[in-house]
There are 2 protein chains.
Amino acid sequence: MQKITVLGAGSWGTALSMLLASKGYKVTLWGREEDGIEDIKKHRINEKFLPSISILENIYPTTSREEAITNSDLLVIAVPSQAVREVIEDFKHYINNNIYIVNTSKGIEITTQMRMSQVIKDVIGEKILERYGVLSGPSHAEEVIKNIPTAVTVAAYKKETAFLLQSVFMSTSFRVYTNPDVAGVELGGALKNIVALATGMSRGLGFGDNTTAALMTRGLTEVVRMGIALGADPRTFAGLSGIGDLIVTCNSNYSRNNRAGNLLGQGKSLEETLESIGMVVEGIHTTRVVYKIAQDLNIEMPITTACYNIIYNNKNPKEEVENLMQRRKKHEIEEIVNNIDSW
Amino acid sequence: MQKITVLGAGSWGTALSMLLASKGYKVTLWGREEDGIEDIKKHRINEKFLPSISILENIYPTTSREEAITNSDLLVIAVPSQAVREVIEDFKHYINNNIYIVNTSKGIEITTQMRMSQVIKDVIGEKILERYGVLSGPSHAEEVIKNIPTAVTVAAYKKETAFLLQSVFMSTSFRVYTNPDVAGVELGGALKNIVALATGMSRGLGFGDNTTAALMTRGLTEVVRMGIALGADPRTFAGLSGIGDLIVTCNSNYSRNNRAGNLLGQGKSLEETLESIGMVVEGIHTTRVVYKIAQDLNIEMPITTACYNIIYNNKNPKEEVENLMQRRKKHEIEEIVNNIDSW
């Protein structure tokens with residue numbers, strides 16, 4: 001592994017470049033002109049996304065696709081999830097048979113309901129999955145560049161690929177665990193954004209820490225249900241890419257999903273909310289996709305349904321919470337009850 | 001269910017009394033003189049623990065055991081876990097064969113390594129377990145008395161007991177789920193305090209949200225391992241009494257465990273830390289008990305071991321974190337890997 005290419009010069013792409021460069025790899029950081037690549041080249045600062053650090057010497061910022069990918073051994077995808085297909089298509093012709101791909105984008109493609117590995121397979125072909133991994137977990141870029149202890153998961157279909165990627169990323173402050181459950185790790189990263197919307201709404205309504213914890217826990221139950229239906233291992237959601245990522249996201253004011261939920265909880269319309277945030281709010285789209293899948297597969301997802309009703313049916317957030325609280329009495333985990341005869 | 005007796009007039013006992021009284025039950029709130037029972041009687045305020053609310057008319061504060069328990073249908077235990085045996089022994093002779101008991105204390109008895117239901121069985125006899133339940137989950141008393149939406153779990157060996165207790169406690173702002181896994185719910189409440197110590201230490205060392213989320217997630221993995229060894233269902237720990245309670249505790253400045261961890265992380269000794277907190281820090285004891293059990297049963301618990309070494313062996317917190325980060329490379333969840341042939 002000599003040369004690594006990072007696609008996307010946002011805060012996460014930049015932070016991962018710094019991590020890899022500090023381990024001695026030659027890193028090419030590719031972005032579009034509007035991402036400020038020229039500025040990074042000149043001033044060695046990512047003014048827009050991570051202004052507090054100076055970019056290491058062995059990071060080569062470029063806007064040229066060919067320059068970015070020639071002789072590259074590993075492609076790190078760090079663009080927004082809805083842009084992954086387009087970016088991969090643009091790079092397709094430069095991608096050789098030996099390159100590894102690790103994806104860090106969290107989302108489900110809205111138009112196709114595909115996970116990111118499915119999008120990539122769709123564009124490049126099935127063979128890439130042997131050399132594909134997904135890296136996910138509770139990891140604010142702002143903390144990773146300060147070498148604050150962080151732990152993440154890398155999932156891959158092939159054990160050797162997982163081990164390779166683990167070695168590439170692992171450092172004394174960045175601990176990487178391996179997991180064979182690609183679907184689970186990809187879904188956890190996407191579905192958590194619905195829960196972050198819900199906890200944001202709860203805050204916006206003036207509710208407390210009890211409510212946040214309840215929504216996170218019961219939200220996780222929904223994530224697990226959907227995950228099982230889509231082929232994930234439920235135990236993955238108890239890990240870093242599941243509950244771990246949920247914890248940082250729901251407690252963070254940086255999270256756009258959380259902030260958008262807060263505004264919706266205060267009674268703002270979807271239009272006002274999106275205008276106020278001014279950027280893509282991943283969870284808004286994920287809610288629609290997941291609500292649709294839940295309907296199709298008949299999966300019970302009351303928190304997702306409440307979010308959907310508030311966002312798309314103009315329902316009152318307070319009433320939706322009251323509905324959640326007053327549903328019929330339930331067992332906490334049906335699967336446990338089903339295994340016990342006396343219950 | 002006519003009369004309910006709450007043992008313990010701390011913030012949680014008082015909040016539960018308010019919840020039950022607001023549902024129309026006749027509640028007797030028992031406490032010791034030093035808990036300010038006379039004051040509550042006179043001024044209808046729990047000055048010491050919940051000064052912000054006035055105590056409802058149908059709550060009868062008393063220091064008399066006989067008065068408290070005569071004709072009572074349900075005993076709610078809300079005293080510190082290390083006091084449960086003594087309190088139950090004191091009440092033993094007043095307890096009839098028809099009374100139900102619900103425990104809300106979170107801890108393991110240090111001297112015997114017993115869970116709370118085991119302590120109660122030890123004192124009153126096996127028969128009580130049919131009418132025993134444990135109520136646990138993310139529930140700050142300060143929020144429950146304000147009717148902020150809260151969700152908890154009640155576990156019981158008998159389904160009928162679980163359903164009864166669910167009905168007794170459930171309100172429009174207090175949602176109760178049922179679970180048959182008594183051991184899991186009891187252990188979750190106790191073991192989370194070790195993780196709260198660890199996240200407190202991490203904060204004290206100046207680490208960030210990534211580190212907190214990693215410690216909570218990997219801490220949960222240890223809790224699950226210990227839980228399985230002690231007969232709990234691992235899925236319970238993904239619920240309200242597991243990760244749910246962990247979330248509120250690790251994010252709360254009210255948590256003594258968190259605060260104690262913070263002081264230890266800053267380099268204070270155990271003595272200085274305990275002096276500064278001035279009250280029992282449940283997790284300090286739980287760490288010792290659980291470390292011992294982990295040694296006896298050969299269960300891998302690196303975070304618990306680090307806490308133990310910092311608290312009892314005067315080890316440097318920073319070095320312990322470095323050790324945690326630099327352990328050998330690991331799979332995230334061994335059980336998933338073991339099920340997949342190609343891995």
# chains A, B, ... in the order shown; residues from 1 in each chain; ligands from 1

call {"tool": "residues_around", "arguments": {"residues": "A:Gly13", "least_positions_apart": "4", "cutoff": "8 Å", "atoms": "only C-alpha atoms", "output": "PyMOL selection string"}}
result
chain A and resi 6-9+17+29+77-79

call {"tool": "select_by_dssp", "arguments": {"residues": "stretch 126-181 of chain A", "states": "alpha helix (DSSP H)", "output": "list of chain:residue names"}}
result
A:Ala141, A:Glu142, A:Glu143, A:Val144, A:Lys159, A:Glu160, A:Thr161, A:Ala162, A:Phe163, A:Leu164, A:Leu165, A:Gln166, A:Ser167, A:Val168, A:Phe169

call {"tool": "closest_residue", "arguments": {"among": "A:Val119, A:Ile194, A:Leu263, A:Val152", "to": "chain B", "atoms": "only C-alpha atoms"}}
result
A:Val152

call {"tool": "select_by_dssp", "arguments": {"residues": "stretch 143-243 of chain A", "states": "strand (DSSP E)", "output": "list in words"}}
result
Thr150, Ala151, Val152, Thr153, Val154, Ala155, Ala156, Phe174, Arg175, Val176, Tyr177, Thr178 and Asn179 of chain A

call {"tool": "closest_atom_pairs", "arguments": {"of": "stretch 95-214 of chain B", "to": "stretch 133-140 of chain A", "cutoff": "7 Å", "atoms": "only C-alpha atoms", "output": "tab-separated table"}}
result
residue	atom	partner	partner_atom	distance
B:Asn210	CA	A:Ser139	CA	5.3
B:Ala213	CA	A:Pro138	CA	6.3
B:Ala214	CA	A:Pro138	CA	6.9

call {"tool": "residues_around", "arguments": {"residues": "stretch 69-74 of chain B", "least_positions_apart": "4", "cutoff": "6 Å", "atoms": "only C-alpha atoms", "output": "VMD selection string"}}
result
chain B and resid 1 3 to 4 99 to 101

call {"tool": "residues_around", "arguments": {"residues": "A:Asn314", "least_positions_apart": "3", "cutoff": "12 Å", "atoms": "only C-alpha atoms", "output": "number ranges by chain"}}
result
A: 264-265, 267-271, 306-311, 317-320

call {"tool": "write_last_selection", "arguments": {"atoms": "C-alpha atoms", "output": "CSV table (one decimal), in the first residue's frame"}}
result
chain,number,residue,atom,x,y,z
A,264,LEU,CA,-39.3,20.8,13.4
A,265,GLY,CA,-40.0,20.1,17.1
A,267,GLY,CA,-43.1,23.8,15.0
A,268,LYS,CA,-41.2,25.1,12.0
A,269,SER,CA,-42.3,23.7,8.6
A,270,LEU,CA,-40.0,21.4,6.5
A,271,GLU,CA,-39.4,24.3,4.2
A,306,ALA,CA,-43.9,9.7,13.7
A,307,CYS,CA,-41.0,11.4,12.0
A,308,TYR,CA,-42.5,10.8,8.6
A,309,ASN,CA,-45.9,12.1,9.7
A,310,ILE,CA,-44.3,15.3,11.1
A,311,ILE,CA,-42.1,15.9,8.1
A,317,PRO,CA,-44.9,16.9,16.9
A,318,LYS,CA,-46.4,17.0,20.3
A,319,GLU,CA,-49.4,14.9,19.3
A,320,GLU,CA,-47.1,12.4,17.6

call {"tool": "closest_residue", "arguments": {"among": "A:Gly189, A:Pro149, A:Gly36, A:Pro51", "to": "A:Val176", "atoms": "only C-alpha atoms"}}
result
A:Pro149
